[in-house]
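Structure data follow from run_37.pdb (PDB, C-alpha atoms and all ligand atoms):
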ATOM      1  CA  MET A   1       0.000   0.000   0.000
ATOM      2  CA  GLY A   2       1.432   3.370  -0.978
ATOM      3  CA  LEU A   3       1.601   6.235   1.513
ATOM      4  CA  THR A   4      -0.184   9.523   0.846
ATOM      5  CA  ILE A   5       1.899  12.683   0.589
ATOM      6  CA  ASN A   6       0.499  13.811   3.949
ATOM      7  CA  GLN A   7       1.602  10.569   5.601
ATOM      8  CA  ILE A   8       5.047  10.902   4.047
ATOM      9  CA  ARG A   9       5.370  14.495   5.259
ATOM     10  CA  ASP A  10       4.266  13.501   8.780
ATOM     11  CA  ASN A  11       6.979  10.813   8.769
ATOM     12  CA  THR A  12       9.720  13.143   7.550
ATOM     13  CA  THR A  13       8.686  15.761  10.119
ATOM     14  CA  ARG A  14       9.035  13.153  12.878
ATOM     15  CA  ALA A  15      12.380  12.088  11.399
ATOM     16  CA  ARG A  16      13.597  15.697  11.539
ATOM     17  CA  HIS A  17      12.456  15.986  15.152
ATOM     18  CA  LEU A  18      14.396  12.805  15.933
ATOM     19  CA  MET A  19      17.565  14.328  14.492
ATOM     20  CA  GLN A  20      17.005  17.486  16.574
ATOM     21  CA  ARG A  21      16.549  15.353  19.712
ATOM     22  CA  SER A  22      19.723  13.429  18.950
ATOM     23  CA  ARG A  23      21.674  16.697  18.885
ATOM     24  CA  ALA A  24      20.006  18.185  21.948
ATOM     25  CA  GLN A  25      20.253  15.021  24.048
ATOM     26  CA  GLY A  26      23.637  13.707  22.835
ATOM     27  CA  PHE A  27      22.680  10.344  21.386
ATOM     28  CA  ALA A  28      23.073   8.765  17.947
ATOM     29  CA  VAL A  29      20.475   6.743  16.072
ATOM     30  CA  GLY A  30      21.509   3.385  14.633
ATOM     31  CA  ALA A  31      20.989   2.854  10.904
ATOM     32  CA  PHE A  32      20.879  -0.897  10.393
ATOM     33  CA  ASN A  33      21.019  -2.544   6.963
ATOM     34  CA  ILE A  34      18.587  -5.275   5.977
ATOM     35  CA  ASP A  35      18.760  -7.739   3.119
ATOM     36  CA  ASN A  36      16.009 -10.055   4.375
ATOM     37  CA  GLN A  37      12.917 -10.050   6.565
ATOM     38  CA  GLU A  38      14.564 -11.851   9.498
ATOM     39  CA  THR A  39      17.055  -9.016   9.919
ATOM     40  CA  LEU A  40      14.192  -6.504   9.955
ATOM     41  CA  ILE A  41      12.485  -8.559  12.687
ATOM     42  CA  ALA A  42      15.749  -8.520  14.684
ATOM     43  CA  ILE A  43      15.930  -4.714  14.449
ATOM     44  CA  ALA A  44      12.249  -4.259  15.338
ATOM     45  CA  ARG A  45      12.578  -6.497  18.401
ATOM     46  CA  ALA A  46      15.688  -4.688  19.611
ATOM     47  CA  ALA A  47      13.983  -1.306  19.103
ATOM     48  CA  GLN A  48      10.923  -2.457  21.033
ATOM     49  CA  LYS A  49      12.876  -4.033  23.892
ATOM     50  CA  LEU A  50      15.052  -0.937  24.390
ATOM     51  CA  SER A  51      12.464   1.729  23.405
ATOM     52  CA  ALA A  52      14.977   2.999  20.875
ATOM     53  CA  PRO A  53      14.334   4.932  17.655
ATOM     54  CA  VAL A  54      15.934   3.128  14.699
ATOM     55  CA  LEU A  55      16.592   3.558  11.016
ATOM     56  CA  VAL A  56      16.351   0.571   8.723
ATOM     57  CA  GLU A  57      18.517   1.046   5.671
ATOM     58  CA  VAL A  58      18.992  -0.536   2.273
ATOM     59  CA  SER A  59      21.843  -0.108  -0.168
ATOM     60  CA  ASP A  60      21.441  -0.427  -3.924
ATOM     61  CA  GLY A  61      21.929  -4.212  -3.922
ATOM     62  CA  GLU A  62      19.523  -4.607  -1.003
ATOM     63  CA  VAL A  63      16.885  -2.532  -2.800
ATOM     64  CA  LYS A  64      17.270  -4.782  -5.840
ATOM     65  CA  ALA A  65      16.899  -7.885  -3.640
ATOM     66  CA  ILE A  66      13.733  -6.780  -1.824
ATOM     67  CA  GLY A  67      12.138  -3.922  -3.795
ATOM     68  CA  LEU A  68      11.489  -0.321  -2.692
ATOM     69  CA  ASP A  69       7.749  -0.703  -2.120
ATOM     70  CA  ASN A  70       8.198  -3.959  -0.219
ATOM     71  CA  ILE A  71      10.758  -2.339   2.084
ATOM     72  CA  ARG A  72       8.472   0.616   2.794
ATOM     73  CA  ASP A  73       5.504  -1.690   3.467
ATOM     74  CA  MET A  74       7.421  -4.142   5.647
ATOM     75  CA  VAL A  75       8.920  -1.364   7.757
ATOM     76  CA  ASP A  76       5.485   0.233   8.197
ATOM     77  CA  ASN A  77       3.878  -3.103   9.085
ATOM     78  CA  TYR A  78       6.492  -3.969  11.711
ATOM     79  CA  ARG A  79       6.506  -0.394  13.006
ATOM     80  CA  LEU A  80       2.781  -0.687  13.744
ATOM     81  CA  GLU A  81       2.951  -4.271  14.990
ATOM     82  CA  TYR A  82       5.783  -3.564  17.433
ATOM     83  CA  GLY A  83       4.725   0.002  18.313
ATOM     84  CA  ILE A  84       8.176   1.430  17.612
ATOM     85  CA  GLU A  85       9.769   4.559  16.121
ATOM     86  CA  MET A  86      11.333   3.343  12.879
ATOM     87  CA  TYR A  87      12.287   5.039   9.610
ATOM     88  CA  VAL A  88      13.830   4.020   6.283
ATOM     89  CA  ASN A  89      17.110   5.231   4.830
ATOM     90  CA  LEU A  90      18.324   4.705   1.267
ATOM     91  CA  ASP A  91      22.002   3.873   1.817
ATOM     92  CA  HIS A  92      24.757   4.750  -0.717
ATOM     93  CA  SER A  93      22.445   5.410  -3.628
ATOM     94  CA  PRO A  94      24.534   5.565  -6.816
ATOM     95  CA  THR A  95      22.192   7.739  -8.902
ATOM     96  CA  VAL A  96      19.875  10.731  -8.658
ATOM     97  CA  GLU A  97      17.068   8.683 -10.262
ATOM     98  CA  ASP A  98      17.243   5.978  -7.573
ATOM     99  CA  CYS A  99      17.065   8.676  -4.908
ATOM    100  CA  LYS A 100      13.994  10.225  -6.523
ATOM    101  CA  ARG A 101      12.216   6.859  -6.595
ATOM    102  CA  ALA A 102      12.907   6.309  -2.888
ATOM    103  CA  ILE A 103      11.721   9.847  -2.073
ATOM    104  CA  ASP A 104       8.531   9.134  -4.051
ATOM    105  CA  VAL A 105       7.730   6.005  -2.008
ATOM    106  CA  GLY A 106       8.320   7.924   1.220
ATOM    107  CA  PHE A 107      11.804   7.083   2.473
ATOM    108  CA  GLU A 108      12.553   9.587   5.234
ATOM    109  CA  PHE A 109      16.329   9.507   4.757
ATOM    110  CA  ILE A 110      18.264   9.515   1.482
ATOM    111  CA  HIS A 111      22.009   9.044   1.098
ATOM    112  CA  ILE A 112      23.245  10.121  -2.331
ATOM    113  CA  ASP A 113      26.736   8.772  -2.912
ATOM    114  CA  ILE A 114      27.994   9.692  -6.356
ATOM    115  CA  SER A 115      31.658   9.106  -5.472
ATOM    116  CA  GLN A 116      31.178   5.497  -4.377
ATOM    117  CA  ALA A 117      29.549   4.625  -7.699
ATOM    118  CA  ASN A 118      32.251   6.473  -9.655
ATOM    119  CA  HIS A 119      35.550   7.047  -7.834
ATOM    120  CA  ASP A 120      36.608   9.434 -10.613
ATOM    121  CA  ALA A 121      33.556  11.707 -10.301
ATOM    122  CA  THR A 122      34.547  15.380 -10.204
ATOM    123  CA  THR A 123      33.704  17.585  -7.226
ATOM    124  CA  GLU A 124      31.455  19.677  -9.505
ATOM    125  CA  ASP A 125      29.552  16.590 -10.609
ATOM    126  CA  ILE A 126      29.141  15.345  -7.035
ATOM    127  CA  ILE A 127      27.894  18.746  -5.872
ATOM    128  CA  ALA A 128      25.485  19.183  -8.816
ATOM    129  CA  LYS A 129      23.900  15.742  -8.385
ATOM    130  CA  THR A 130      23.700  16.052  -4.606
ATOM    131  CA  LYS A 131      21.979  19.435  -5.002
ATOM    132  CA  GLU A 132      19.486  17.939  -7.427
ATOM    133  CA  VAL A 133      18.483  15.374  -4.784
ATOM    134  CA  VAL A 134      18.317  18.041  -2.050
ATOM    135  CA  GLU A 135      15.952  20.091  -4.213
ATOM    136  CA  TYR A 136      13.769  17.111  -5.127
ATOM    137  CA  ALA A 137      13.563  16.034  -1.459
ATOM    138  CA  ARG A 138      11.976  19.386  -0.488
ATOM    139  CA  PHE A 139       8.628  18.095  -1.772
ATOM    140  CA  THR A 140       8.390  15.383   0.914
ATOM    141  CA  GLY A 141      10.819  16.767   3.496
ATOM    142  CA  ALA A 142      13.174  13.765   3.261
ATOM    143  CA  LEU A 143      16.595  14.346   4.809
ATOM    144  CA  VAL A 144      19.532  14.111   2.417
ATOM    145  CA  GLU A 145      22.975  12.817   3.362
ATOM    146  CA  SER A 146      26.162  12.932   1.305
ATOM    147  CA  GLU A 147      29.922  13.323   1.366
ATOM    148  CA  PRO A 148      32.417  15.042  -0.920
ATOM    149  CA  HIS A 149      34.583  12.041  -1.769
ATOM    150  CA  TYR A 150      34.855   8.292  -1.611
ATOM    151  CA  PHE A 151      36.056   6.585   1.538
ATOM    152  CA  GLY A 152      37.237   3.066   1.930
ATOM    153  CA  GLY A 153      36.212  -0.455   2.721
ATOM    154  CA  SER A 154      33.205  -2.622   1.848
ATOM    155  CA  SER A 155      30.574  -4.220   4.092
ATOM    156  CA  ASN A 156      32.227  -7.582   4.349
ATOM    157  CA  LEU A 157      34.879  -9.510   6.274
ATOM    158  CA  HIS A 158      38.368  -8.235   5.414
ATOM    159  CA  VAL A 159      41.536 -10.217   6.128
ATOM    160  CA  GLU A 160      43.956  -7.394   5.420
ATOM    161  CA  SER A 161      44.768  -5.096   8.323
ATOM    162  CA  ILE A 162      44.211  -1.356   8.169
ATOM    163  CA  ASP A 163      46.844   0.982   6.687
ATOM    164  CA  TYR A 164      46.070   4.096   8.719
ATOM    165  CA  GLU A 165      48.539   6.291   6.821
ATOM    166  CA  GLU A 166      46.680   5.522   3.558
ATOM    167  CA  ILE A 167      43.284   5.980   5.156
ATOM    168  CA  LYS A 168      44.199   9.317   6.723
ATOM    169  CA  LYS A 169      44.494  10.717   3.216
ATOM    170  CA  THR A 170      40.744  10.160   2.805
ATOM    171  CA  PHE A 171      39.723  11.784   6.118
ATOM    172  CA  SER A 172      37.232  14.639   6.040
ATOM    173  CA  THR A 173      38.571  18.093   6.870
ATOM    174  CA  PRO A 174      36.615  20.817   8.708
ATOM    175  CA  GLU A 175      37.114  23.210   5.759
ATOM    176  CA  GLY A 176      36.115  20.591   3.174
ATOM    177  CA  ALA A 177      33.040  19.632   5.186
ATOM    178  CA  LYS A 178      31.896  23.241   5.474
ATOM    179  CA  ALA A 179      32.468  23.956   1.772
ATOM    180  CA  PHE A 180      30.492  20.835   0.768
ATOM    181  CA  VAL A 181      27.599  21.512   3.137
ATOM    182  CA  ASP A 182      27.414  25.159   2.009
ATOM    183  CA  ALA A 183      27.494  24.154  -1.673
ATOM    184  CA  THR A 184      24.848  21.421  -1.459
ATOM    185  CA  GLY A 185      22.471  22.266   1.405
ATOM    186  CA  ILE A 186      22.508  18.671   2.675
ATOM    187  CA  ASP A 187      20.917  17.729   6.008
ATOM    188  CA  THR A 188      23.573  15.205   7.035
ATOM    189  CA  PHE A 189      27.300  15.110   6.394
ATOM    190  CA  ALA A 190      28.890  11.631   6.240
ATOM    191  CA  ALA A 191      32.214  12.162   8.011
ATOM    192  CA  ALA A 192      35.344  10.074   7.440
ATOM    193  CA  VAL A 193      37.457  10.085  10.609
ATOM    194  CA  GLY A 194      38.788   6.526  10.663
ATOM    195  CA  ASN A 195      35.443   4.796  10.165
ATOM    196  CA  LEU A 196      35.635   2.196   7.400
ATOM    197  CA  HIS A 197      33.112  -0.150   5.821
ATOM    198  CA  GLY A 198      33.480  -3.777   6.862
ATOM    199  CA  LYS A 199      35.102  -5.890   9.555
ATOM    200  CA  TYR A 200      38.898  -6.000   9.911
ATOM    201  CA  PRO A 201      41.368  -8.111  11.899
ATOM    202  CA  VAL A 202      42.327  -5.106  14.053
ATOM    203  CA  PRO A 203      39.904  -2.735  15.793
ATOM    204  CA  LYS A 204      39.165   0.585  14.123
ATOM    205  CA  GLN A 205      40.350   3.877  15.569
ATOM    206  CA  LEU A 206      38.337   7.070  15.248
ATOM    207  CA  ASP A 207      39.982  10.518  15.303
ATOM    208  CA  LEU A 208      37.640  12.180  17.798
ATOM    209  CA  GLU A 209      39.597  15.444  17.819
ATOM    210  CA  LEU A 210      39.024  15.779  14.089
ATOM    211  CA  LEU A 211      35.377  14.827  14.572
ATOM    212  CA  GLN A 212      34.995  17.663  17.105
ATOM    213  CA  LYS A 213      36.554  20.131  14.640
ATOM    214  CA  ILE A 214      34.155  18.995  11.906
ATOM    215  CA  ARG A 215      31.262  19.322  14.384
ATOM    216  CA  ASP A 216      32.351  22.899  15.127
ATOM    217  CA  SER A 217      32.601  23.778  11.428
ATOM    218  CA  ILE A 218      29.082  22.818  10.250
ATOM    219  CA  ASP A 219      25.494  23.142  11.498
ATOM    220  CA  CYS A 220      23.914  20.073   9.866
ATOM    221  CA  GLN A 221      23.767  16.513  11.216
ATOM    222  CA  ILE A 222      26.829  14.264  11.066
ATOM    223  CA  SER A 223      26.734  10.540  10.268
ATOM    224  CA  LEU A 224      29.368   7.852  10.648
ATOM    225  CA  HIS A 225      29.446   4.960   8.189
ATOM    226  CA  GLY A 226      31.396   1.760   8.691
ATOM    227  CA  GLY A 227      30.535   1.346  12.361
ATOM    228  CA  SER A 228      31.129  -2.416  12.507
ATOM    229  CA  ASP A 229      34.058  -3.664  14.600
ATOM    230  CA  THR A 230      34.567  -0.265  16.192
ATOM    231  CA  PRO A 231      35.316  -0.322  19.939
ATOM    232  CA  LEU A 232      32.059   0.787  21.584
ATOM    233  CA  HIS A 233      33.557   3.640  23.610
ATOM    234  CA  TYR A 234      34.121   5.541  20.343
ATOM    235  CA  PHE A 235      30.378   5.576  19.700
ATOM    236  CA  GLU A 236      29.593   6.957  23.140
ATOM    237  CA  GLU A 237      32.116   9.742  22.620
ATOM    238  CA  ALA A 238      31.004  10.395  19.026
ATOM    239  CA  ALA A 239      27.366  10.732  20.114
ATOM    240  CA  LYS A 240      28.387  13.230  22.815
ATOM    241  CA  ILE A 241      30.381  15.223  20.250
ATOM    242  CA  GLY A 242      27.234  15.407  18.126
ATOM    243  CA  VAL A 243      27.054  12.510  15.665
ATOM    244  CA  SER A 244      23.375  11.766  14.980
ATOM    245  CA  LYS A 245      23.433   8.623  12.830
ATOM    246  CA  ILE A 246      25.736   5.588  12.850
ATOM    247  CA  ASN A 247      25.524   2.884  10.155
ATOM    248  CA  ILE A 248      25.933  -0.787  11.031
ATOM    249  CA  ASN A 249      25.927  -3.608   8.521
ATOM    250  CA  SER A 250      28.850  -6.079   8.640
ATOM    251  CA  ASP A 251      28.542  -7.002  12.330
ATOM    252  CA  MET A 252      24.917  -8.019  11.708
ATOM    253  CA  ARG A 253      25.729  -9.951   8.534
ATOM    254  CA  PHE A 254      28.502 -11.764  10.380
ATOM    255  CA  ALA A 255      26.198 -12.755  13.264
ATOM    256  CA  PHE A 256      23.473 -13.810  10.813
ATOM    257  CA  ARG A 257      25.692 -16.132   8.812
ATOM    258  CA  LYS A 258      27.576 -17.606  11.775
ATOM    259  CA  GLU A 259      24.355 -18.417  13.634
ATOM    260  CA  LEU A 260      22.703 -19.765  10.485
ATOM    261  CA  GLU A 261      25.650 -22.113   9.852
ATOM    262  CA  LYS A 262      25.506 -23.253  13.479
ATOM    263  CA  VAL A 263      21.768 -23.893  13.531
ATOM    264  CA  LEU A 264      21.862 -25.734  10.181
ATOM    265  CA  ALA A 265      24.692 -27.956  11.418
ATOM    266  CA  GLU A 266      22.779 -28.696  14.619
ATOM    267  CA  ASN A 267      19.570 -29.592  12.749
ATOM    268  CA  PRO A 268      20.588 -31.670   9.704
ATOM    269  CA  ASP A 269      17.112 -33.210   9.308
ATOM    270  CA  GLU A 270      15.023 -30.038   9.517
ATOM    271  CA  TYR A 271      13.938 -28.823   6.061
ATOM    272  CA  ALA A 272      11.506 -26.190   7.302
ATOM    273  CA  VAL A 273      14.341 -23.694   7.659
ATOM    274  CA  VAL A 274      11.822 -21.085   8.807
ATOM    275  CA  LYS A 275      11.604 -22.994  12.115
ATOM    276  CA  LEU A 276      15.320 -22.415  12.665
ATOM    277  CA  MET A 277      15.234 -18.694  11.984
ATOM    278  CA  PRO A 278      14.222 -17.379  15.444
ATOM    279  CA  GLN A 279      17.648 -18.448  16.725
ATOM    280  CA  VAL A 280      19.268 -16.570  13.823
ATOM    281  CA  TYR A 281      17.392 -13.329  14.329
ATOM    282  CA  ALA A 282      17.976 -13.535  18.067
ATOM    283  CA  ALA A 283      21.726 -13.449  17.332
ATOM    284  CA  VAL A 284      21.306 -10.416  15.066
ATOM    285  CA  GLN A 285      19.037  -8.762  17.654
ATOM    286  CA  ALA A 286      21.829  -9.057  20.244
ATOM    287  CA  VAL A 287      24.170  -7.136  17.906
ATOM    288  CA  VAL A 288      21.579  -4.412  17.348
ATOM    289  CA  GLU A 289      20.931  -4.090  21.090
ATOM    290  CA  GLU A 290      24.631  -3.743  21.836
ATOM    291  CA  LYS A 291      24.942  -0.887  19.313
ATOM    292  CA  ILE A 292      21.788   0.870  20.571
ATOM    293  CA  GLN A 293      23.200   0.849  24.102
ATOM    294  CA  ALA A 294      26.542   2.252  22.934
ATOM    295  CA  PHE A 295      24.853   4.952  20.816
ATOM    296  CA  GLY A 296      22.875   6.126  23.854
ATOM    297  CA  SER A 297      19.569   5.741  21.988
ATOM    298  CA  ALA A 298      17.859   3.339  24.411
ATOM    299  CA  ASN A 299      14.692   4.891  25.893
ATOM    300  CA  ARG A 300      14.783   7.779  23.384
ATOM    301  CA  ALA A 301      11.860   6.691  21.199
ATOM    302  CA  VAL A 302       8.935   9.103  20.959
ATOM    303  CA  MET A 303       5.676   7.587  19.747
TER     304      MET A 303
HETATM  305 ZN    ZN B 401      28.159   3.285   4.320
END
Now, as a test, write the supplied structure out as structure tokens.
Amino acid sequence: MGLTINQIRDNTTRARHLMQRSRAQGFAVGAFNIDNQETLIAIARAAQKLSAPVLVEVSDGEVKAIGLDNIRDMVDNYRLEYGIEMYVNLDHSPTVEDCKRAIDVGFEFIHIDISQANHDATTEDIIAKTKEVVEYARFTGALVESEPHYFGGSSNLHVESIDYEEIKKTFSTPEGAKAFVDATGIDTFAAAVGNLHGKYPVPKQLDLELLQKIRDSIDCQISLHGGSDTPLHYFEEAAKIGVSKININSDMRFAFRKELEKVLAENPDEYAVVKLMPQVYAAVQAVVEEKIQAFGSANRAVM
């Protein structure tokens, strides 16, 4: 069932209030990727148990796997069933057209990421396309997130360790952040301060001093991508500095697969795999709960 424009605008207004609360109260909201219904159930249960606002997010491949309308409907159905504060974010959208489609079906949050799709995209191109999405999003009030250049990793398990000297070259700067926000009018700036997509053999380190300088240089929201495998104390400090949104994917995927392998091995004669899934989504739920606690977003939901 499609949402009416009034319903979409009510949702985006509540989403904007959530971002204001996150800033005023010093907590961050988790943005958790889904590529199946069980993972959505895990997120909804964690949100209900901890009274936490949550974002469910889908990247381009996840949209192709599930479908935009299905994602919107499933999130709305579980939101009502569980009585929780839950929104949808389009994560790392490679094109303006994909963003417009997600805005049309009522996604509250839109991440336009031209540089990830094309690492050679010029700054002018990135700014022009980001601005086009910002302008289109005015119709529904959706919040637009972006960043001026590509940063590393992928949402998977990496065996290589992290070359911090290489990665530092891709860090955001306070001046660059301000120039990009001023040029595009985005609602949320995706900062690169040591956060990296994926899981690595060594823990990640975030440059919180740089994060504070970026916070001081811009007025809009700040997001952190690549939150998996980050020591939890960084999240607590980042939320206090003023990060509003933290993306988590790989840690959930890892828990999902590991638990699925375990439960399949333990039940070789069970062909109704659906009966084995509660154990799998319980494992993913535990990951989501741990992040919610670290982000400070438990008991922050407003219904
Ligand atoms: Zn990301």
Apply the PyMOL selection byres (((chain A and resi 18-32) around 6) and not hetatm) to the file shown and report the selected residues as a compact mmCIF listing (two decimals) with C-alpha atoms, keeping the file's coordinate frame.
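The resulting selection_29.txt:
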# COMPACT_ATOMS: atom_id res chain seq x y z
CA ALA A 15 12.38 12.09 11.40
CA ARG A 16 13.60 15.70 11.54
CA HIS A 17 12.46 15.99 15.15
CA ASN A 33 21.02 -2.54 6.96
CA VAL A 54 15.93 3.13 14.70
CA LEU A 55 16.59 3.56 11.02
CA VAL A 56 16.35 0.57 8.72
CA GLU A 57 18.52 1.05 5.67
CA ALA A 239 27.37 10.73 20.11
CA LYS A 240 28.39 13.23 22.82
CA GLY A 242 27.23 15.41 18.13
CA VAL A 243 27.05 12.51 15.66
CA SER A 244 23.38 11.77 14.98
CA LYS A 245 23.43 8.62 12.83
CA ILE A 246 25.74 5.59 12.85
CA ASN A 247 25.52 2.88 10.15
CA ILE A 248 25.93 -0.79 11.03
CA PHE A 295 24.85 4.95 20.82
CA GLY A 296 22.88 6.13 23.85
CA SER A 297 19.57 5.74 21.99
- prompt: Which residues come within 7 Å of region 186-192 of chain A, counting all atoms listed in the file, excluding same-chain residues fewer than 4 positions away, as a PyMOL selection string?
  reply: chain A and resi 134+143-147+151+171-172+181+220-225
- request: Go through the shown structure with the PyMOL selection byres (((chain A and resi 286) around 12) and not hetatm) and write out the matching residues as a PyMOL selection string.
  value: chain A and resi 39+42-47+49-50+251-252+255-256+259+279-285+287-293
- request: Spell out the residues picked by the PyMOL selection byres (((chain A and resi 135) around 12) and not hetatm) here, as a list in words.
  value: Val96, Cys99, Lys100, Ile103, Ala128, Lys129, Thr130, Lys131, Glu132, Val133, Val134, Tyr136, Ala137, Arg138, Phe139, Thr140, Gly141, Ala142, Leu143, Val144, Thr184, Gly185, Ile186 and Asp187 of chain A
- request: Name the residues in contact with region 195-207 of chain A at a cut-off of 7 Å, using only C-alpha atoms, excluding same-chain residues fewer than 6 positions from it; report them as a PyMOL selection string.
  value: chain A and resi 152-161+224-231+234+250
Take the residues from that selection and write them out as a PDB file, keeping the file's coordinate frame, keeping C-alpha atoms.
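That gives us out_2.pdb:
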ATOM      1  CA  GLY A 152      37.237   3.066   1.930  1.00  0.00           C
ATOM      2  CA  GLY A 153      36.212  -0.455   2.721  1.00  0.00           C
ATOM      3  CA  SER A 154      33.205  -2.622   1.848  1.00  0.00           C
ATOM      4  CA  SER A 155      30.574  -4.220   4.092  1.00  0.00           C
ATOM      5  CA  ASN A 156      32.227  -7.582   4.349  1.00  0.00           C
ATOM      6  CA  LEU A 157      34.879  -9.510   6.274  1.00  0.00           C
ATOM      7  CA  HIS A 158      38.368  -8.235   5.414  1.00  0.00           C
ATOM      8  CA  VAL A 159      41.536 -10.217   6.128  1.00  0.00           C
ATOM      9  CA  GLU A 160      43.956  -7.394   5.420  1.00  0.00           C
ATOM     10  CA  SER A 161      44.768  -5.096   8.323  1.00  0.00           C
ATOM     11  CA  LEU A 224      29.368   7.852  10.648  1.00  0.00           C
ATOM     12  CA  HIS A 225      29.446   4.960   8.189  1.00  0.00           C
ATOM     13  CA  GLY A 226      31.396   1.760   8.691  1.00  0.00           C
ATOM     14  CA  GLY A 227      30.535   1.346  12.361  1.00  0.00           C
ATOM     15  CA  SER A 228      31.129  -2.416  12.507  1.00  0.00           C
ATOM     16  CA  ASP A 229      34.058  -3.664  14.600  1.00  0.00           C
ATOM     17  CA  THR A 230      34.567  -0.265  16.192  1.00  0.00           C
ATOM     18  CA  PRO A 231      35.316  -0.322  19.939  1.00  0.00           C
ATOM     19  CA  TYR A 234      34.121   5.541  20.343  1.00  0.00           C
ATOM     20  CA  SER A 250      28.850  -6.079   8.640  1.00  0.00           C
TER      21      SER A 250
END
Give me the box for region 211-228 of chain A as AutoDock Vina command-line options, namely the centre and edge lengths in Å to one decimal of a box along x, y and z that holds every listed atom plus 5 Å on each side.
--center_x 30.2 --center_y 10.7 --center_z 12.6 --size_x 22.8 --size_y 36.2 --size_z 18.9
statement: Taken to one decimal, the CA of Ser93 (chain A)-CA of Glu165 (chain A) distance is 28.1 Å
For ligand ZN 401 (chain B), the nearest of the candidates A:Thr12, A:Asn249, A:Asn299, A:Thr123, counting only C-alpha atoms and all ligand atoms: A:Asn249
- request: Take CA of Phe107 (chain A) and CA of Ala52 (chain A) and report the distance between them in Å, one decimal.
  value: 19.1 Å
message: Please compute the CA of Gly2 (chain A)-CA of Ile112 (chain A) distance, one decimal, in Å.
response: 22.9 Å
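Closest approach to ligand ZN 401 (chain B) from the set A:Glu209, A:Asp91, A:Asp269, A:Asp76 is made by A:Asp91, with distances taken over all atoms listed in the file.
Using all atoms listed in the file, the nearest neighbour of ligand ZN 401 (chain B) within the list A:Val58, A:Ala301, A:Ile5, A:Leu232 is A:Val58.
When only C-alpha atoms and all ligand atoms are used to measure the gap to ligand ZN 401 (chain B), the shortest distance among A:Val105, A:Ser51, A:Val88, A:His111 belongs to A:His111.
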task: Return the single residue from A:Leu210, A:Leu264, A:Met303, A:Leu90 that is closest to ligand ZN 401 (chain B), with distances computed using all atoms listed in the file.
output: A:Leu90
